[in-house]
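S.K.: One structure, pasted below without further comment.
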Amino acid sequence: MLQTRSGKRTGVAALRMAVEMVEEGLIDKRTALIRVDPESIPSMLAPVFDLDEKKKAVKEKRYLTKGLNAGPGAASGKVVFDSWNAQHKKIKGEKTILVRMETSPEDIAGMEAAEGILTARGGMTSHAAVVARGMNKPCVVGCSALHVEERSQFMAVATEDGRSVIVREGDFISIDGTTGEVLLGSLQTKPSEIQQVLDGVIPGDDSQIAKNFTKFMGWTDEVRTLQIRTNADTPRDSRIARIFGAQGIGLCRTEHMFFEGERISVMQEMILADTVEAREKALAKLLPYQREDFIGIFEAMEGLPVTIRLLDPPLHEFVPHDEGHMGELAQKSGIDLDKIRIRIEALKEQNPMLGHRGCRLGVTYPEITRMQVRAIIEAAVAVKKKGKSVYPEIMVPLVGHIKEFVHQKEIIEATAQTVMREANTRVDFTIGTMIEVPRAALVADQIAVEAKFFSFGTNDLTQMGMGFSRDDADKFLRDYLRLGFYERNPFQSIDQEGVGELVKIAIEKGRKTRPDIKLGVCGEHGGDPTSIMFFHKIGLQYVSCSPFRVAVARAAAARAVLLG
Ligand code: PEP
Ligand code: MG
């Protein structure tokens, strides 16, 4: 034998070979677990383009450009440039691709309605990327060759071969979130075979791929020591995550619940209120919505822990910024338009990610914390009364100083006690914090005296630890990666020697004052195999990732044991 090379194989082929070799007694399960790259799992689950159609599109010069492959899967549809249009077209039964410069929480409903999302700006943890992965939508971000004119409803694409192509609202495009490619025209897509089995379209016994997948995933669970949770904020996502093997929710971002239907109007009413009484009146209207959502989530996650984070984003993300929408809001709410303009102007910040957000909101507006905690505990009581077990973990975001945490903890405890007294029922719950501000990592020993758990918010910890904006860093990060300053995008794979060191410090300090502190990670790194290896090594107990990365994380956690 002169030379050997690993045979190139697709994810599905690697899986089949590994499983069949175990069955034939050629290798053991542990070897099989190392032979399948966890990163190949999303492509096994994601919808795909017909390969011949894709080749044809390239031949016909319909290949437009390539961006960052932020959410795997293939999607085709009519281009829309705003969220409303995506929703409107969905009602008419039309498929769309939502194209934006970048997305914000205002776009959630449109992202949900669209088949896929394409943005000109943003990196792997930009809003579009995080939300799309959470929704399992194909998504391409940071496509700098796009010049998007949202108001005029067109985009100009500078293609790699030097052409400038204009794409207007209503034109068909196709995006491949597995590769980052963007093509003109509509390409045929189909769901993966495993997905069809999970959806019950194909019986499990009829699919060899699905059988191999289930077997392989079972082996990962025999080996791994890290628990795998999910980031989910709807009962539907919670159910999906459970199907993929999630062992609880590591992050429920409650703000996502405020955008649906008429909730956003009530949220806006709360934000625009200028007295505590008026704010409490609006919050009272939001309470039943939150309670119902939590009931659904607790039921879907019955018997498993659910970490619910209190409101985090800056309030300006919930209000309109253009005259038209402000006018609509004035009409709907009966509030004077000038007053709305002034309030919205006052909410603007130069650096919103470093501004009035996280627990800082709860400190200024304790009534928001009170409403959210009431909703959580009332929901837990309701589910418990049905004979189901619930384990809520209430999480305070963006803590940097112990006093911020204590301030919120006192409100949480007092509210929970009141609700439990009213209901004459006790529920076990814990209170902990995110560690996402570098200062919190450095004073983790103080915080751990009060906090029962730490969940590392490595998105913000990377942003604040490295001083790189989550939304804008891609501009220079490309150069940094090309020049080899960093091996991988630090928002995708944790910067082990810098940000990772902050995590290590916090673990060590936290354990000093609370040896049994529960430790996990809920930033996007929780779904990245290389970061998972690191988190396993430094002693975290769980990682939490989007429902569709749970299988990746299970495989990566098993590998971490075998290769660690
Ligand atoms: C984080 O910062 O890592 C985190 C999970 O919170 P968010 O992404 O919502 O800021
Ligand atoms: Mg954060």
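Order determines the names: the first chain of the structure tokens is A, the second B, and so forth; residues in each chain are numbered 1 upward, and ligands are numbered 1 upward as they are shown.
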Taking the chain letters and numbering used in this document, name the residues of segment 260-485 of chain A that DSSP puts in alpha helix (DSSP H), as a ChimeraX atom specification.

M.R.: /A:263-272,276-300,323-333,337-347,359-364,366-385,402-423,438-442,444-450,458-466,474-482

S.K.: Using only C-alpha atoms and all ligand atoms, what does the table of chain A residues within 9 Å of ligand 2 look like, with each row giving the shortest atom pair and its distance in Å to one decimal, sorted by chain and ascending number, as a Markdown table?

M.R.:
| residue | atom | partner | partner_atom_place_in_ligand_line | distance |
| --- | --- | --- | --- | --- |
| A:Asp312 | CA | ligand 2 | 1 (Mg) | 7.5 |
| A:Pro313 | CA | ligand 2 | 1 (Mg) | 8.6 |
| A:Gly358 | CA | ligand 2 | 1 (Mg) | 8.0 |
| A:Pro397 | CA | ligand 2 | 1 (Mg) | 7.0 |
| A:Leu398 | CA | ligand 2 | 1 (Mg) | 6.7 |
| A:Met434 | CA | ligand 2 | 1 (Mg) | 7.9 |
| A:Ile435 | CA | ligand 2 | 1 (Mg) | 8.7 |
| A:Glu436 | CA | ligand 2 | 1 (Mg) | 6.2 |
| A:Val437 | CA | ligand 2 | 1 (Mg) | 8.7 |
| A:Phe456 | CA | ligand 2 | 1 (Mg) | 8.8 |
| A:Gly457 | CA | ligand 2 | 1 (Mg) | 5.2 |
| A:Thr458 | CA | ligand 2 | 1 (Mg) | 7.4 |
| A:Asn459 | CA | ligand 2 | 1 (Mg) | 5.9 |
| A:Asp460 | CA | ligand 2 | 1 (Mg) | 4.7 |
| A:Leu461 | CA | ligand 2 | 1 (Mg) | 7.6 |
| A:Cys522 | CA | ligand 2 | 1 (Mg) | 8.9 |
| A:Gly523 | CA | ligand 2 | 1 (Mg) | 7.4 |

S.K.: Could you turn the residues from that selection into a file that holds N, CA and C atoms, as a PDB file, in the first residue's frame?

M.R.:
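Saved file part_1.pdb follows:
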ATOM      1  N   ASP A 312     -34.941  41.828  27.718  1.00  0.00           N
ATOM      2  CA  ASP A 312     -33.542  42.187  27.464  1.00  0.00           C
ATOM      3  C   ASP A 312     -33.314  43.346  26.473  1.00  0.00           C
ATOM      4  N   PRO A 313     -34.011  43.402  25.328  1.00  0.00           N
ATOM      5  CA  PRO A 313     -33.589  44.410  24.340  1.00  0.00           C
ATOM      6  C   PRO A 313     -33.992  45.840  24.700  1.00  0.00           C
ATOM      7  N   GLY A 358     -31.413  44.941  29.106  1.00  0.00           N
ATOM      8  CA  GLY A 358     -31.126  43.934  30.127  1.00  0.00           C
ATOM      9  C   GLY A 358     -31.733  44.317  31.466  1.00  0.00           C
ATOM     10  N   PRO A 397     -30.882  39.202  32.886  1.00  0.00           N
ATOM     11  CA  PRO A 397     -29.862  39.450  31.849  1.00  0.00           C
ATOM     12  C   PRO A 397     -28.965  40.654  32.136  1.00  0.00           C
ATOM     13  N   LEU A 398     -27.794  40.608  31.534  1.00  0.00           N
ATOM     14  CA  LEU A 398     -26.868  41.742  31.479  1.00  0.00           C
ATOM     15  C   LEU A 398     -26.418  42.302  32.829  1.00  0.00           C
ATOM     16  N   MET A 434     -27.360  35.739  33.726  1.00  0.00           N
ATOM     17  CA  MET A 434     -26.480  35.552  32.584  1.00  0.00           C
ATOM     18  C   MET A 434     -25.137  36.176  32.943  1.00  0.00           C
ATOM     19  N   ILE A 435     -24.079  35.569  32.443  1.00  0.00           N
ATOM     20  CA  ILE A 435     -22.764  36.213  32.553  1.00  0.00           C
ATOM     21  C   ILE A 435     -22.424  36.615  31.124  1.00  0.00           C
ATOM     22  N   GLU A 436     -22.612  37.901  30.835  1.00  0.00           N
ATOM     23  CA  GLU A 436     -22.375  38.369  29.473  1.00  0.00           C
ATOM     24  C   GLU A 436     -21.692  39.734  29.441  1.00  0.00           C
ATOM     25  N   VAL A 437     -21.567  40.335  30.621  1.00  0.00           N
ATOM     26  CA  VAL A 437     -20.806  41.579  30.735  1.00  0.00           C
ATOM     27  C   VAL A 437     -19.459  41.171  31.356  1.00  0.00           C
ATOM     28  N   PHE A 456     -23.802  31.511  30.489  1.00  0.00           N
ATOM     29  CA  PHE A 456     -22.891  32.415  29.782  1.00  0.00           C
ATOM     30  C   PHE A 456     -23.509  32.878  28.472  1.00  0.00           C
ATOM     31  N   GLY A 457     -23.743  34.178  28.392  1.00  0.00           N
ATOM     32  CA  GLY A 457     -24.264  34.780  27.161  1.00  0.00           C
ATOM     33  C   GLY A 457     -23.057  35.157  26.324  1.00  0.00           C
ATOM     34  N   THR A 458     -22.554  34.180  25.598  1.00  0.00           N
ATOM     35  CA  THR A 458     -21.268  34.393  24.929  1.00  0.00           C
ATOM     36  C   THR A 458     -21.373  35.307  23.708  1.00  0.00           C
ATOM     37  N   ASN A 459     -22.605  35.610  23.273  1.00  0.00           N
ATOM     38  CA  ASN A 459     -22.727  36.582  22.172  1.00  0.00           C
ATOM     39  C   ASN A 459     -22.318  37.964  22.686  1.00  0.00           C
ATOM     40  N   ASP A 460     -22.954  38.369  23.791  1.00  0.00           N
ATOM     41  CA  ASP A 460     -22.609  39.677  24.347  1.00  0.00           C
ATOM     42  C   ASP A 460     -21.223  39.658  24.992  1.00  0.00           C
ATOM     43  N   LEU A 461     -20.867  38.527  25.583  1.00  0.00           N
ATOM     44  CA  LEU A 461     -19.540  38.452  26.217  1.00  0.00           C
ATOM     45  C   LEU A 461     -18.443  38.623  25.152  1.00  0.00           C
ATOM     46  N   CYS A 522     -25.565  29.826  26.797  1.00  0.00           N
ATOM     47  CA  CYS A 522     -26.741  29.958  25.942  1.00  0.00           C
ATOM     48  C   CYS A 522     -26.477  30.875  24.747  1.00  0.00           C
ATOM     49  N   GLY A 523     -25.244  31.335  24.579  1.00  0.00           N
ATOM     50  CA  GLY A 523     -24.913  32.112  23.384  1.00  0.00           C
ATOM     51  C   GLY A 523     -24.871  31.180  22.176  1.00  0.00           C
TER      52      GLY A 523
END

S.K.: DSSP on the backbone, then: every residue of segment 14-177 of chain A marked strand (DSSP E), written as a PyMOL selection string.

M.R.: chain A and resi 48-49+63-66+68-71+74-80+96-100+116-119+139-141+146-149+154-158+164-168+172-176

S.K.: Excluding Ala556 of chain A and residues on its chain fewer than 6 positions from it, collect all residues at most 9 Å away from it, counting only C-alpha atoms, and give them as a list in words.

M.R.: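 With the cut-off at 9 Å, the set is Asp37, Pro38, Glu39, Thr220, Arg224, Gly527, Asp528, Pro529, Thr530, Ile532 and Met533 of chain A.
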
S.K.: Generate a file of the selected residues that holds N, CA, C and O atoms, formatted as an mmCIF file, in the first residue's frame.

M.R.:
data_model
loop_
_atom_site.group_PDB
_atom_site.id
_atom_site.type_symbol
_atom_site.label_atom_id
_atom_site.label_comp_id
_atom_site.auth_asym_id
_atom_site.auth_seq_id
_atom_site.Cartn_x
_atom_site.Cartn_y
_atom_site.Cartn_z
ATOM 1 N N ASP A 37 -18.774 14.107 11.062
ATOM 2 C CA ASP A 37 -18.561 15.491 11.476
ATOM 3 C C ASP A 37 -19.903 16.079 11.934
ATOM 4 O O ASP A 37 -20.850 16.132 11.149
ATOM 5 N N PRO A 38 -19.979 16.550 13.200
ATOM 6 C CA PRO A 38 -21.252 17.114 13.669
ATOM 7 C C PRO A 38 -21.769 18.222 12.747
ATOM 8 O O PRO A 38 -22.965 18.401 12.581
ATOM 9 N N GLU A 39 -20.835 18.960 12.127
ATOM 10 C CA GLU A 39 -21.252 20.061 11.254
ATOM 11 C C GLU A 39 -21.964 19.579 9.994
ATOM 12 O O GLU A 39 -22.539 20.372 9.250
ATOM 13 N N THR A 220 -24.578 8.815 20.625
ATOM 14 C CA THR A 220 -23.982 10.054 21.178
ATOM 15 C C THR A 220 -24.396 10.205 22.648
ATOM 16 O O THR A 220 -23.613 10.640 23.478
ATOM 17 N N ARG A 224 -21.788 11.133 25.847
ATOM 18 C CA ARG A 224 -21.576 12.528 26.261
ATOM 19 C C ARG A 224 -21.899 12.747 27.739
ATOM 20 O O ARG A 224 -22.744 12.031 28.306
ATOM 21 N N GLY A 527 -23.990 25.953 20.013
ATOM 22 C CA GLY A 527 -24.277 25.021 18.926
ATOM 23 C C GLY A 527 -23.073 24.788 18.028
ATOM 24 O O GLY A 527 -23.192 24.177 16.973
ATOM 25 N N ASP A 528 -21.916 25.298 18.440
ATOM 26 C CA ASP A 528 -20.715 25.177 17.603
ATOM 27 C C ASP A 528 -19.799 24.062 18.134
ATOM 28 O O ASP A 528 -19.349 24.121 19.293
ATOM 29 N N PRO A 529 -19.513 23.037 17.336
ATOM 30 C CA PRO A 529 -18.749 21.884 17.821
ATOM 31 C C PRO A 529 -17.402 22.228 18.472
ATOM 32 O O PRO A 529 -17.057 21.671 19.513
ATOM 33 N N THR A 530 -16.641 23.160 17.869
ATOM 34 C CA THR A 530 -15.336 23.481 18.457
ATOM 35 C C THR A 530 -15.521 24.135 19.824
ATOM 36 O O THR A 530 -14.802 23.829 20.788
ATOM 37 N N ILE A 532 -18.076 23.716 21.754
ATOM 38 C CA ILE A 532 -18.627 22.694 22.657
ATOM 39 C C ILE A 532 -17.486 21.870 23.274
ATOM 40 O O ILE A 532 -17.484 21.564 24.460
ATOM 41 N N MET A 533 -16.495 21.573 22.461
ATOM 42 C CA MET A 533 -15.315 20.843 22.960
ATOM 43 C C MET A 533 -14.676 21.651 24.110
ATOM 44 O O MET A 533 -14.327 21.106 25.160
#

S.K.: Need to verify the contact set: Gly116 of chain A, 12 Å, only C-alpha atoms, exclusion of same-chain residues closer than 5 positions in sequence. Can you return it as a PyMOL selection string?

M.R.: chain A and resi 47+69-80+86+95-100+110-111+128-129+131-133+135-141+173-178+180+182
